[in-house]
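Below is one structure, written out as structure tokens; the observations come after it.
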Amino acid sequence: MQGVWRELAGLVLPVDCAGCGRPRTELCARCRRALARDGRGPRRVRPWPAPAGLPRVWAGAPYADEVRAVLLAHKERGALRLAGPLGEVLAGAVRGLRGGSPQLLVPVPSARRAVAGRGHDPVRRMALAAARELRRSGVAARVLAVVRQRRAVSDQAGLSAPERLANVAGALEVPGAAGRLLTGRSAVLVDDLVTTGATLAEAARAVRAAGGRVIGAAVVAAPRSAFALEEAAVVSLPRGG
């Protein structure tokens with residue numbers, strides 16, 4: 001019900017831009033450009049050190065400034081209509097990973113208590129918006145929300161990379177009959193953010209354990225350092241000749 005009231009309130013109350021605070025617009029043109037990296041679009045990112053089992057990851061934009069504010073407004077403050085533009089960014093990351101081939105999007109799950117507190121599941125909402133955007137562009141896409149938390153985990157904020165790995169190790173699963181929906185199929189993991197990659201690596205392990213094949217992960221945002229590491233790796237590749 002919280003999510004319904006937030007959406008109704010957004011229809012009748014004046015709002016400010018979630019990214020920069022500009023009045024009377026939920027997302028201004030400048031912040032839309034920031035989500036699109038000023039037209040450069042998504043690219044592959046590289047957390048370091050990358051945990052074992054982490055698939056290839058594509059991200060839409062660096063997690064900073066306006067992008068961070070927009071994600072938090074959607075996730076924590078219930079600005080639900082931002083799922084549309086954020087889903088467009090996520091769809092771009094999926095395209096970067098797989099091009100125009102059919103897509104099976106598997107959201108990384110939020111904790112039940114977090115979903116209850118927020119009144120919505122932000123990652124699943126963005127995944128559904130991304131699937132709609134992909135279908136509009138002619139790419140067959142659907143969301144399969146089959147990964148679940150099998151035990152509670154601590155808040156990852158403030159934890160080091162090794163601590164995050166230990167925190168989420170064995171925490172996710174694809175329960176029972178849901179595993180049959182993944183057996184032998186290729187899946188793209190989707191999430192709002194990657195930092196150390198620990199959660200995505202654990203989600204990939206759970207999908208593989210259920211018989212699925214993880215061909216990569218797509219996220220809305222990643223730290224600037226993850227973009228910089230991948231750019232440095234591309235520059236350092238030997239030139240053909």
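All residue names refer to the structure tokens as shown: chains lettered A, B, ... in order, residues numbered from 1 in each chain, ligands numbered from 1 in order.
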Determine which residues of region 29-211 of chain A DSSP labels as helix (DSSP H, G or I) from the backbone of this structure, then write them out as a count of residues only. 89
What's around region 64-77 of chain A at 10 Å? Count only C-alpha atoms, leave out sequence neighbours fewer than 6 positions away in its own chain, and write the answer as a PDB file with all heavy atoms, in the first residue's frame.
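So the final result, stored in result04.pdb, reads:
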```pdb
ATOM      1  N   ARG A   6       2.386   6.454  -2.655  1.00  0.00           N
ATOM      2  CA  ARG A   6       3.457   7.284  -3.204  1.00  0.00           C
ATOM      3  C   ARG A   6       3.204   7.628  -4.659  1.00  0.00           C
ATOM      4  O   ARG A   6       3.413   8.747  -5.104  1.00  0.00           O
ATOM      5  CB  ARG A   6       4.803   6.555  -3.068  1.00  0.00           C
ATOM      6  CG  ARG A   6       5.355   6.551  -1.647  1.00  0.00           C
ATOM      7  CD  ARG A   6       6.514   5.599  -1.533  1.00  0.00           C
ATOM      8  NE  ARG A   6       7.055   5.574  -0.191  1.00  0.00           N
ATOM      9  CZ  ARG A   6       7.715   4.557   0.314  1.00  0.00           C
ATOM     10  NH1 ARG A   6       7.904   3.462  -0.399  1.00  0.00           N
ATOM     11  NH2 ARG A   6       8.196   4.604   1.534  1.00  0.00           N
ATOM     12  N   CYS A  17      13.376  17.654  -9.169  1.00  0.00           N
ATOM     13  CA  CYS A  17      14.205  16.652  -9.830  1.00  0.00           C
ATOM     14  C   CYS A  17      14.922  15.814  -8.779  1.00  0.00           C
ATOM     15  O   CYS A  17      15.554  16.340  -7.854  1.00  0.00           O
ATOM     16  CB  CYS A  17      15.217  17.330 -10.751  1.00  0.00           C
ATOM     17  SG  CYS A  17      16.390  16.171 -11.498  1.00  0.00           S
ATOM     18  N   ALA A  18      14.827  14.511  -8.925  1.00  0.00           N
ATOM     19  CA  ALA A  18      15.441  13.601  -7.956  1.00  0.00           C
ATOM     20  C   ALA A  18      16.952  13.682  -7.979  1.00  0.00           C
ATOM     21  O   ALA A  18      17.614  13.341  -6.995  1.00  0.00           O
ATOM     22  CB  ALA A  18      14.997  12.163  -8.247  1.00  0.00           C
ATOM     23  N   GLY A  19      17.520  14.130  -9.092  1.00  0.00           N
ATOM     24  CA  GLY A  19      18.971  14.180  -9.196  1.00  0.00           C
ATOM     25  C   GLY A  19      19.592  15.456  -8.682  1.00  0.00           C
ATOM     26  O   GLY A  19      20.596  15.425  -7.958  1.00  0.00           O
ATOM     27  N   CYS A  20      18.995  16.600  -9.028  1.00  0.00           N
ATOM     28  CA  CYS A  20      19.627  17.888  -8.709  1.00  0.00           C
ATOM     29  C   CYS A  20      18.727  18.841  -7.940  1.00  0.00           C
ATOM     30  O   CYS A  20      19.176  19.906  -7.514  1.00  0.00           O
ATOM     31  CB  CYS A  20      20.110  18.562  -9.990  1.00  0.00           C
ATOM     32  SG  CYS A  20      18.775  19.050 -11.116  1.00  0.00           S
ATOM     33  N   GLY A  21      17.435  18.498  -7.769  1.00  0.00           N
ATOM     34  CA  GLY A  21      16.533  19.357  -7.025  1.00  0.00           C
ATOM     35  C   GLY A  21      15.879  20.452  -7.830  1.00  0.00           C
ATOM     36  O   GLY A  21      15.178  21.301  -7.263  1.00  0.00           O
ATOM     37  N   GLU A  26      10.363  15.739 -12.243  1.00  0.00           N
ATOM     38  CA  GLU A  26      10.843  14.588 -11.482  1.00  0.00           C
ATOM     39  C   GLU A  26      12.247  14.184 -11.889  1.00  0.00           C
ATOM     40  O   GLU A  26      13.029  13.689 -11.073  1.00  0.00           O
ATOM     41  CB  GLU A  26       9.887  13.402 -11.642  1.00  0.00           C
ATOM     42  CG  GLU A  26      10.160  12.290 -10.660  1.00  0.00           C
ATOM     43  CD  GLU A  26       8.980  11.353 -10.516  1.00  0.00           C
ATOM     44  OE1 GLU A  26       8.398  10.968 -11.545  1.00  0.00           O
ATOM     45  OE2 GLU A  26       8.637  11.017  -9.373  1.00  0.00           O
ATOM     46  N   LEU A  27      12.605  14.410 -13.154  1.00  0.00           N
ATOM     47  CA  LEU A  27      13.951  14.100 -13.626  1.00  0.00           C
ATOM     48  C   LEU A  27      14.263  15.048 -14.779  1.00  0.00           C
ATOM     49  O   LEU A  27      13.676  14.934 -15.857  1.00  0.00           O
ATOM     50  CB  LEU A  27      14.051  12.641 -14.081  1.00  0.00           C
ATOM     51  CG  LEU A  27      15.455  12.139 -14.417  1.00  0.00           C
ATOM     52  CD1 LEU A  27      16.363  12.197 -13.187  1.00  0.00           C
ATOM     53  CD2 LEU A  27      15.408  10.717 -14.953  1.00  0.00           C
ATOM     54  N   ARG A  30      19.232  17.448 -17.721  1.00  0.00           N
ATOM     55  CA  ARG A  30      20.649  17.308 -17.362  1.00  0.00           C
ATOM     56  C   ARG A  30      20.902  16.005 -16.622  1.00  0.00           C
ATOM     57  O   ARG A  30      21.902  15.324 -16.871  1.00  0.00           O
ATOM     58  CB  ARG A  30      21.080  18.494 -16.489  1.00  0.00           C
ATOM     59  CG  ARG A  30      22.592  18.526 -16.251  1.00  0.00           C
ATOM     60  CD  ARG A  30      22.984  19.618 -15.295  1.00  0.00           C
ATOM     61  NE  ARG A  30      22.664  19.258 -13.918  1.00  0.00           N
ATOM     62  CZ  ARG A  30      23.019  19.976 -12.868  1.00  0.00           C
ATOM     63  NH1 ARG A  30      23.680  21.108 -13.024  1.00  0.00           N
ATOM     64  NH2 ARG A  30      22.694  19.579 -11.640  1.00  0.00           N
ATOM     65  N   CYS A  31      19.993  15.639 -15.719  1.00  0.00           N
ATOM     66  CA  CYS A  31      20.186  14.401 -14.964  1.00  0.00           C
ATOM     67  C   CYS A  31      19.934  13.178 -15.840  1.00  0.00           C
ATOM     68  O   CYS A  31      20.549  12.128 -15.631  1.00  0.00           O
ATOM     69  CB  CYS A  31      19.289  14.405 -13.729  1.00  0.00           C
ATOM     70  SG  CYS A  31      19.839  15.634 -12.497  1.00  0.00           S
ATOM     71  N   ARG A  32      19.030  13.303 -16.814  1.00  0.00           N
ATOM     72  CA  ARG A  32      18.869  12.206 -17.784  1.00  0.00           C
ATOM     73  C   ARG A  32      20.167  11.998 -18.568  1.00  0.00           C
ATOM     74  O   ARG A  32      20.558  10.864 -18.847  1.00  0.00           O
ATOM     75  CB  ARG A  32      17.708  12.496 -18.736  1.00  0.00           C
ATOM     76  CG  ARG A  32      16.338  12.314 -18.108  1.00  0.00           C
ATOM     77  CD  ARG A  32      15.230  12.552 -19.122  1.00  0.00           C
ATOM     78  NE  ARG A  32      13.925  12.400 -18.537  1.00  0.00           N
ATOM     79  CZ  ARG A  32      13.267  11.253 -18.446  1.00  0.00           C
ATOM     80  NH1 ARG A  32      13.803  10.153 -18.945  1.00  0.00           N
ATOM     81  NH2 ARG A  32      12.068  11.194 -17.889  1.00  0.00           N
ATOM     82  N   ARG A  33      20.826  13.096 -18.914  1.00  0.00           N
ATOM     83  CA  ARG A  33      22.105  12.971 -19.624  1.00  0.00           C
ATOM     84  C   ARG A  33      23.156  12.309 -18.739  1.00  0.00           C
ATOM     85  O   ARG A  33      23.982  11.528 -19.216  1.00  0.00           O
ATOM     86  CB  ARG A  33      22.592  14.340 -20.091  1.00  0.00           C
ATOM     87  CG  ARG A  33      21.783  14.931 -21.239  1.00  0.00           C
ATOM     88  CD  ARG A  33      22.523  16.077 -21.903  1.00  0.00           C
ATOM     89  NE  ARG A  33      22.785  17.172 -20.968  1.00  0.00           N
ATOM     90  CZ  ARG A  33      21.951  18.178 -20.744  1.00  0.00           C
ATOM     91  NH1 ARG A  33      20.785  18.224 -21.385  1.00  0.00           N
ATOM     92  NH2 ARG A  33      22.271  19.136 -19.900  1.00  0.00           N
ATOM     93  N   ALA A  34      23.126  12.623 -17.426  1.00  0.00           N
ATOM     94  CA  ALA A  34      24.083  11.994 -16.512  1.00  0.00           C
ATOM     95  C   ALA A  34      23.865  10.487 -16.454  1.00  0.00           C
ATOM     96  O   ALA A  34      24.829   9.710 -16.416  1.00  0.00           O
ATOM     97  CB  ALA A  34      23.953  12.599 -15.117  1.00  0.00           C
ATOM     98  N   LEU A  35      22.600  10.055 -16.458  1.00  0.00           N
ATOM     99  CA  LEU A  35      22.309   8.621 -16.462  1.00  0.00           C
ATOM    100  C   LEU A  35      22.818   7.953 -17.734  1.00  0.00           C
ATOM    101  O   LEU A  35      23.152   6.757 -17.727  1.00  0.00           O
ATOM    102  CB  LEU A  35      20.801   8.395 -16.322  1.00  0.00           C
ATOM    103  CG  LEU A  35      20.206   8.622 -14.934  1.00  0.00           C
ATOM    104  CD1 LEU A  35      18.680   8.597 -15.014  1.00  0.00           C
ATOM    105  CD2 LEU A  35      20.701   7.585 -13.938  1.00  0.00           C
ATOM    106  N   ALA A  36      22.846   8.711 -18.830  1.00  0.00           N
ATOM    107  CA  ALA A  36      23.320   8.171 -20.104  1.00  0.00           C
ATOM    108  C   ALA A  36      24.799   8.466 -20.340  1.00  0.00           C
ATOM    109  O   ALA A  36      25.299   8.291 -21.445  1.00  0.00           O
ATOM    110  CB  ALA A  36      22.495   8.750 -21.249  1.00  0.00           C
ATOM    111  N   ARG A  37      25.498   8.920 -19.304  1.00  0.00           N
ATOM    112  CA  ARG A  37      26.921   9.291 -19.423  1.00  0.00           C
ATOM    113  C   ARG A  37      27.125  10.270 -20.574  1.00  0.00           C
ATOM    114  O   ARG A  37      28.048  10.149 -21.374  1.00  0.00           O
ATOM    115  CB  ARG A  37      27.810   8.066 -19.603  1.00  0.00           C
ATOM    116  CG  ARG A  37      27.830   7.146 -18.396  1.00  0.00           C
ATOM    117  CD  ARG A  37      29.132   6.368 -18.299  1.00  0.00           C
ATOM    118  NE  ARG A  37      29.509   5.717 -19.547  1.00  0.00           N
ATOM    119  CZ  ARG A  37      30.765   5.602 -19.971  1.00  0.00           C
ATOM    120  NH1 ARG A  37      31.752   6.079 -19.264  1.00  0.00           N
ATOM    121  NH2 ARG A  37      31.033   4.984 -21.098  1.00  0.00           N
ATOM    122  N   ALA A  83      11.475   4.420 -11.895  1.00  0.00           N
ATOM    123  CA  ALA A  83      11.780   3.070 -12.400  1.00  0.00           C
ATOM    124  C   ALA A  83      11.856   3.064 -13.916  1.00  0.00           C
ATOM    125  O   ALA A  83      12.632   2.296 -14.493  1.00  0.00           O
ATOM    126  CB  ALA A  83      10.729   2.073 -11.920  1.00  0.00           C
ATOM    127  N   PRO A  85      12.920   5.609 -16.262  1.00  0.00           N
ATOM    128  CA  PRO A  85      14.233   6.009 -16.783  1.00  0.00           C
ATOM    129  C   PRO A  85      15.375   5.143 -16.279  1.00  0.00           C
ATOM    130  O   PRO A  85      16.333   4.884 -17.015  1.00  0.00           O
ATOM    131  CB  PRO A  85      14.381   7.465 -16.309  1.00  0.00           C
ATOM    132  CG  PRO A  85      13.318   7.689 -15.303  1.00  0.00           C
ATOM    133  CD  PRO A  85      12.220   6.728 -15.611  1.00  0.00           C
ATOM    134  N   LEU A  86      15.291   4.657 -15.038  1.00  0.00           N
ATOM    135  CA  LEU A  86      16.338   3.759 -14.555  1.00  0.00           C
ATOM    136  C   LEU A  86      16.303   2.426 -15.295  1.00  0.00           C
ATOM    137  O   LEU A  86      17.346   1.830 -15.576  1.00  0.00           O
ATOM    138  CB  LEU A  86      16.183   3.540 -13.042  1.00  0.00           C
ATOM    139  CG  LEU A  86      16.514   4.747 -12.170  1.00  0.00           C
ATOM    140  CD1 LEU A  86      16.100   4.496 -10.717  1.00  0.00           C
ATOM    141  CD2 LEU A  86      17.997   5.101 -12.237  1.00  0.00           C
ATOM    142  N   ALA A 114      13.606  -5.380   3.981  1.00  0.00           N
ATOM    143  CA  ALA A 114      13.857  -4.148   3.237  1.00  0.00           C
ATOM    144  C   ALA A 114      12.693  -3.845   2.309  1.00  0.00           C
ATOM    145  O   ALA A 114      12.259  -2.689   2.185  1.00  0.00           O
ATOM    146  CB  ALA A 114      15.159  -4.263   2.448  1.00  0.00           C
ATOM    147  N   VAL A 115      12.168  -4.867   1.624  1.00  0.00           N
ATOM    148  CA  VAL A 115      11.019  -4.682   0.742  1.00  0.00           C
ATOM    149  C   VAL A 115       9.815  -4.203   1.542  1.00  0.00           C
ATOM    150  O   VAL A 115       9.093  -3.279   1.133  1.00  0.00           O
ATOM    151  CB  VAL A 115      10.696  -5.984  -0.007  1.00  0.00           C
ATOM    152  CG1 VAL A 115       9.399  -5.847  -0.798  1.00  0.00           C
ATOM    153  CG2 VAL A 115      11.846  -6.365  -0.947  1.00  0.00           C
ATOM    154  N   GLY A 117       9.844  -2.586   4.378  1.00  0.00           N
ATOM    155  CA  GLY A 117      10.066  -1.228   4.859  1.00  0.00           C
ATOM    156  C   GLY A 117       9.914  -0.183   3.776  1.00  0.00           C
ATOM    157  O   GLY A 117       9.409   0.919   4.028  1.00  0.00           O
ATOM    158  N   ARG A 118      10.346  -0.517   2.560  1.00  0.00           N
ATOM    159  CA  ARG A 118      10.265   0.448   1.456  1.00  0.00           C
ATOM    160  C   ARG A 118       8.894   0.458   0.798  1.00  0.00           C
ATOM    161  O   ARG A 118       8.517   1.424   0.145  1.00  0.00           O
ATOM    162  CB  ARG A 118      11.323   0.106   0.398  1.00  0.00           C
ATOM    163  CG  ARG A 118      12.742   0.297   0.867  1.00  0.00           C
ATOM    164  CD  ARG A 118      13.721  -0.282  -0.130  1.00  0.00           C
ATOM    165  NE  ARG A 118      15.102  -0.136   0.333  1.00  0.00           N
ATOM    166  CZ  ARG A 118      16.052  -1.017   0.112  1.00  0.00           C
ATOM    167  NH1 ARG A 118      15.798  -2.135  -0.575  1.00  0.00           N
ATOM    168  NH2 ARG A 118      17.281  -0.808   0.570  1.00  0.00           N
ATOM    169  N   GLY A 119       8.170  -0.651   0.922  1.00  0.00           N
ATOM    170  CA  GLY A 119       6.889  -0.754   0.255  1.00  0.00           C
ATOM    171  C   GLY A 119       6.998  -1.174  -1.198  1.00  0.00           C
ATOM    172  O   GLY A 119       5.988  -1.201  -1.911  1.00  0.00           O
ATOM    173  N   HIS A 120       8.201  -1.516  -1.655  1.00  0.00           N
ATOM    174  CA  HIS A 120       8.381  -2.005  -3.034  1.00  0.00           C
ATOM    175  C   HIS A 120       9.758  -2.647  -3.132  1.00  0.00           C
ATOM    176  O   HIS A 120      10.609  -2.486  -2.251  1.00  0.00           O
ATOM    177  CB  HIS A 120       8.240  -0.861  -4.053  1.00  0.00           C
ATOM    178  CG  HIS A 120       9.420   0.075  -4.094  1.00  0.00           C
ATOM    179  ND1 HIS A 120      10.142   0.301  -5.230  1.00  0.00           N
ATOM    180  CD2 HIS A 120       9.995   0.839  -3.130  1.00  0.00           C
ATOM    181  CE1 HIS A 120      11.115   1.175  -4.984  1.00  0.00           C
ATOM    182  NE2 HIS A 120      11.042   1.516  -3.714  1.00  0.00           N
ATOM    183  N   ASP A 121       9.949  -3.417  -4.207  1.00  0.00           N
ATOM    184  CA  ASP A 121      11.229  -4.058  -4.486  1.00  0.00           C
ATOM    185  C   ASP A 121      11.873  -3.281  -5.630  1.00  0.00           C
ATOM    186  O   ASP A 121      11.490  -3.445  -6.795  1.00  0.00           O
ATOM    187  CB  ASP A 121      11.005  -5.525  -4.887  1.00  0.00           C
ATOM    188  CG  ASP A 121      12.308  -6.289  -5.078  1.00  0.00           C
ATOM    189  OD1 ASP A 121      13.334  -5.646  -5.390  1.00  0.00           O
ATOM    190  OD2 ASP A 121      12.310  -7.518  -4.927  1.00  0.00           O
ATOM    191  N   PRO A 122      12.837  -2.403  -5.360  1.00  0.00           N
ATOM    192  CA  PRO A 122      13.350  -1.515  -6.400  1.00  0.00           C
ATOM    193  C   PRO A 122      14.025  -2.232  -7.561  1.00  0.00           C
ATOM    194  O   PRO A 122      13.870  -1.829  -8.718  1.00  0.00           O
ATOM    195  CB  PRO A 122      14.334  -0.613  -5.653  1.00  0.00           C
ATOM    196  CG  PRO A 122      14.656  -1.335  -4.389  1.00  0.00           C
ATOM    197  CD  PRO A 122      13.453  -2.141  -4.046  1.00  0.00           C
ATOM    198  N   VAL A 123      14.778  -3.290  -7.271  1.00  0.00           N
ATOM    199  CA  VAL A 123      15.491  -3.977  -8.357  1.00  0.00           C
ATOM    200  C   VAL A 123      14.508  -4.692  -9.275  1.00  0.00           C
ATOM    201  O   VAL A 123      14.620  -4.625 -10.509  1.00  0.00           O
ATOM    202  CB  VAL A 123      16.540  -4.950  -7.790  1.00  0.00           C
ATOM    203  CG1 VAL A 123      17.193  -5.752  -8.914  1.00  0.00           C
ATOM    204  CG2 VAL A 123      17.598  -4.180  -7.009  1.00  0.00           C
ATOM    205  N   ARG A 125      11.409  -3.895  -9.778  1.00  0.00           N
ATOM    206  CA  ARG A 125      10.667  -2.876 -10.514  1.00  0.00           C
ATOM    207  C   ARG A 125      11.488  -2.361 -11.699  1.00  0.00           C
ATOM    208  O   ARG A 125      10.978  -2.195 -12.810  1.00  0.00           O
ATOM    209  CB  ARG A 125      10.307  -1.722  -9.566  1.00  0.00           C
ATOM    210  CG  ARG A 125       9.417  -0.656 -10.174  1.00  0.00           C
ATOM    211  CD  ARG A 125       9.076   0.389  -9.137  1.00  0.00           C
ATOM    212  NE  ARG A 125       8.117  -0.116  -8.168  1.00  0.00           N
ATOM    213  CZ  ARG A 125       6.803  -0.016  -8.295  1.00  0.00           C
ATOM    214  NH1 ARG A 125       6.294   0.576  -9.368  1.00  0.00           N
ATOM    215  NH2 ARG A 125       5.996  -0.483  -7.378  1.00  0.00           N
ATOM    216  N   MET A 126      12.781  -2.121 -11.483  1.00  0.00           N
ATOM    217  CA  MET A 126      13.637  -1.666 -12.576  1.00  0.00           C
ATOM    218  C   MET A 126      13.829  -2.760 -13.626  1.00  0.00           C
ATOM    219  O   MET A 126      13.911  -2.479 -14.821  1.00  0.00           O
ATOM    220  CB  MET A 126      14.983  -1.204 -12.033  1.00  0.00           C
ATOM    221  CG  MET A 126      14.922   0.120 -11.298  1.00  0.00           C
ATOM    222  SD  MET A 126      16.555   0.764 -10.860  1.00  0.00           S
ATOM    223  CE  MET A 126      17.105  -0.485  -9.704  1.00  0.00           C
ATOM    224  N   ASP A 192      20.767  -2.928  -9.065  1.00  0.00           N
ATOM    225  CA  ASP A 192      20.877  -1.483  -9.193  1.00  0.00           C
ATOM    226  C   ASP A 192      22.324  -1.032  -9.193  1.00  0.00           C
ATOM    227  O   ASP A 192      22.686  -0.076  -9.884  1.00  0.00           O
ATOM    228  CB  ASP A 192      20.085  -0.769  -8.080  1.00  0.00           C
ATOM    229  CG  ASP A 192      20.519  -1.185  -6.673  1.00  0.00           C
ATOM    230  OD1 ASP A 192      21.237  -2.196  -6.531  1.00  0.00           O
ATOM    231  OD2 ASP A 192      20.127  -0.489  -5.711  1.00  0.00           O
ATOM    232  N   LEU A 193      23.189  -1.728  -8.449  1.00  0.00           N
ATOM    233  CA  LEU A 193      24.542  -1.238  -8.208  1.00  0.00           C
ATOM    234  C   LEU A 193      25.493  -2.401  -7.996  1.00  0.00           C
ATOM    235  O   LEU A 193      25.122  -3.412  -7.407  1.00  0.00           O
ATOM    236  CB  LEU A 193      24.513  -0.349  -6.947  1.00  0.00           C
ATOM    237  CG  LEU A 193      25.827   0.199  -6.403  1.00  0.00           C
ATOM    238  CD1 LEU A 193      26.436   1.199  -7.381  1.00  0.00           C
ATOM    239  CD2 LEU A 193      25.591   0.862  -5.046  1.00  0.00           C
ATOM    240  N   VAL A 220      22.623  -0.662 -13.062  1.00  0.00           N
ATOM    241  CA  VAL A 220      22.443   0.751 -13.400  1.00  0.00           C
ATOM    242  C   VAL A 220      23.741   1.507 -13.196  1.00  0.00           C
ATOM    243  O   VAL A 220      24.130   2.337 -14.024  1.00  0.00           O
ATOM    244  CB  VAL A 220      21.313   1.372 -12.560  1.00  0.00           C
ATOM    245  CG1 VAL A 220      21.229   2.881 -12.792  1.00  0.00           C
ATOM    246  CG2 VAL A 220      19.979   0.711 -12.893  1.00  0.00           C
ATOM    247  N   ALA A 221      24.437   1.248 -12.093  1.00  0.00           N
ATOM    248  CA  ALA A 221      25.596   2.064 -11.756  1.00  0.00           C
ATOM    249  C   ALA A 221      26.702   1.237 -11.123  1.00  0.00           C
ATOM    250  O   ALA A 221      26.468   0.153 -10.587  1.00  0.00           O
ATOM    251  CB  ALA A 221      25.183   3.196 -10.809  1.00  0.00           C
ATOM    252  N   ALA A 222      27.912   1.805 -11.180  1.00  0.00           N
ATOM    253  CA  ALA A 222      29.094   1.207 -10.567  1.00  0.00           C
ATOM    254  C   ALA A 222      30.012   2.344 -10.136  1.00  0.00           C
ATOM    255  O   ALA A 222      29.914   3.459 -10.653  1.00  0.00           O
ATOM    256  CB  ALA A 222      29.813   0.295 -11.564  1.00  0.00           C
ATOM    257  N   PRO A 223      30.912   2.106  -9.195  1.00  0.00           N
ATOM    258  CA  PRO A 223      31.840   3.159  -8.796  1.00  0.00           C
ATOM    259  C   PRO A 223      32.674   3.658  -9.971  1.00  0.00           C
ATOM    260  O   PRO A 223      32.946   2.910 -10.914  1.00  0.00           O
ATOM    261  CB  PRO A 223      32.722   2.475  -7.738  1.00  0.00           C
ATOM    262  CG  PRO A 223      31.927   1.323  -7.251  1.00  0.00           C
ATOM    263  CD  PRO A 223      31.113   0.861  -8.414  1.00  0.00           C
ATOM    264  N   ARG A 224      33.096   4.906  -9.888  1.00  0.00           N
ATOM    265  CA  ARG A 224      33.955   5.457 -10.943  1.00  0.00           C
ATOM    266  C   ARG A 224      35.206   4.607 -11.136  1.00  0.00           C
ATOM    267  O   ARG A 224      35.698   4.438 -12.258  1.00  0.00           O
ATOM    268  CB  ARG A 224      34.375   6.888 -10.593  1.00  0.00           C
ATOM    269  CG  ARG A 224      33.253   7.908 -10.639  1.00  0.00           C
ATOM    270  CD  ARG A 224      33.820   9.312 -10.498  1.00  0.00           C
ATOM    271  NE  ARG A 224      32.785  10.306 -10.344  1.00  0.00           N
ATOM    272  CZ  ARG A 224      32.091  10.847 -11.329  1.00  0.00           C
ATOM    273  NH1 ARG A 224      32.332  10.437 -12.572  1.00  0.00           N
ATOM    274  NH2 ARG A 224      31.178  11.761 -11.098  1.00  0.00           N
TER     275      ARG A 224
END
```
Within 6 Å of region 160-177 of chain A, counting only C-alpha atoms, which residues qualify if same-chain residues fewer than 6 places away don't, as a list in words?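 The residues that qualify are Val146, Val147, Arg148, Gln149, Arg150, Arg151, Thr196, Ala198 and Ala206 of chain A.
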Emit the selected residues as a short mmCIF file (atom, residue, chain, number, x, y, z; two decimals), in the first residue's frame, including N, CA, C and O atoms.
```
data_model
loop_
_atom_site.label_atom_id
_atom_site.label_comp_id
_atom_site.auth_asym_id
_atom_site.auth_seq_id
_atom_site.Cartn_x
_atom_site.Cartn_y
_atom_site.Cartn_z
N VAL A 146 13.53 -15.56 -9.50
CA VAL A 146 13.55 -16.87 -8.84
C VAL A 146 14.62 -16.98 -7.75
O VAL A 146 14.62 -17.95 -7.01
N VAL A 147 15.53 -16.02 -7.67
CA VAL A 147 16.56 -16.08 -6.63
C VAL A 147 15.99 -15.52 -5.34
O VAL A 147 15.33 -14.47 -5.34
N ARG A 148 16.22 -16.21 -4.24
CA ARG A 148 15.70 -15.82 -2.93
C ARG A 148 16.82 -15.82 -1.89
O ARG A 148 17.81 -16.51 -2.05
N GLN A 149 16.63 -15.05 -0.83
CA GLN A 149 17.54 -15.12 0.31
C GLN A 149 17.18 -16.34 1.15
O GLN A 149 16.03 -16.52 1.53
N ARG A 150 18.17 -17.18 1.43
CA ARG A 150 17.93 -18.35 2.27
C ARG A 150 18.30 -18.07 3.73
O ARG A 150 17.95 -18.85 4.62
N ARG A 151 19.01 -17.00 3.96
CA ARG A 151 19.32 -16.57 5.33
C ARG A 151 19.53 -15.06 5.33
O ARG A 151 19.79 -14.45 4.29
N THR A 196 31.77 -4.19 -4.81
CA THR A 196 32.84 -5.19 -4.83
C THR A 196 32.52 -6.37 -5.72
O THR A 196 33.42 -7.14 -6.08
N ALA A 198 30.53 -8.82 -4.71
CA ALA A 198 30.27 -10.00 -3.86
C ALA A 198 28.85 -10.52 -4.04
O ALA A 198 28.64 -11.74 -4.16
N ALA A 206 24.22 -19.14 -7.12
CA ALA A 206 22.90 -19.73 -6.88
C ALA A 206 22.22 -20.14 -8.19
O ALA A 206 21.60 -21.20 -8.27
#
```
Which parts of region 18-239 of chain A does DSSP call strand (DSSP E) when run on the backbone here, written out as a ChimeraX atom specification? /A:43-45,57-62,103-107,141-143,148-149,172-173,186-193,213-222
Mind giving me the straight-line distance from CA of Pro55 (chain A) to CA of Leu144 (chain A) in Å, one decimal?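 Separation of CA of Pro55 (chain A) and CA of Leu144 (chain A): 18.1 Å.
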Nearest candidate to Ser186 (chain A) (options A:Gly53, A:Arg95, A:Ile215, A:Ala116; using only C-alpha atoms):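 Looking only at the distances to Ser186 (chain A), the closest residue turns out to be A:Ile215.
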Given only C-alpha atoms as the basis, pick out the residue of A:Val194, A:Ala127, A:Ala93, A:Leu189 nearest to Gln156 (chain A). A:Val194
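Using only C-alpha atoms, the smallest distance between any of A:Ala145, A:Leu82, A:Leu182, A:Ala217 and Thr25 (chain A) comes from A:Leu82.
Remark: for Ala52 (chain A), the closest of the candidate residues A:Ser110, A:Ser101, A:Ser225, A:Thr199 is A:Thr199 (distances computed over only C-alpha atoms).
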Spatial neighbours of Pro47 (chain A), 7 Å, only C-alpha atoms, chain gap at least 6 places, as a count of residues only: 4
Val143 (chain A) environment, 9 Å, only C-alpha atoms, sequence neighbours closer than 3 positions dropped, as a PDB file with C-alpha atoms, in the first residue's frame:
```
ATOM      1  CA  GLN A 103      17.066 -11.912 -22.735  1.00  0.00           C
ATOM      2  CA  LEU A 104      16.128 -13.663 -19.490  1.00  0.00           C
ATOM      3  CA  LEU A 105      16.595 -11.134 -16.688  1.00  0.00           C
ATOM      4  CA  VAL A 106      17.073 -12.478 -13.153  1.00  0.00           C
ATOM      5  CA  PRO A 107      16.928  -9.757 -10.458  1.00  0.00           C
ATOM      6  CA  ARG A 124      12.538  -6.038  -9.531  1.00  0.00           C
ATOM      7  CA  ALA A 127      14.072  -5.119 -14.123  1.00  0.00           C
ATOM      8  CA  LEU A 128      10.443  -5.096 -15.301  1.00  0.00           C
ATOM      9  CA  ALA A 131      12.298  -5.787 -19.997  1.00  0.00           C
TER      10      ALA A 131
END
```
Straight-line distance linking CA of Arg180 (chain A) with CA of Arg208 (chain A), stated in Å to one decimal: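 So the answer is 11.9 Å.
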Which residue, A:Ala50, A:Leu159, A:Ala79, A:Ala218, has the smallest gap to Ala187 (chain A) when you use only C-alpha atoms? A:Ala218
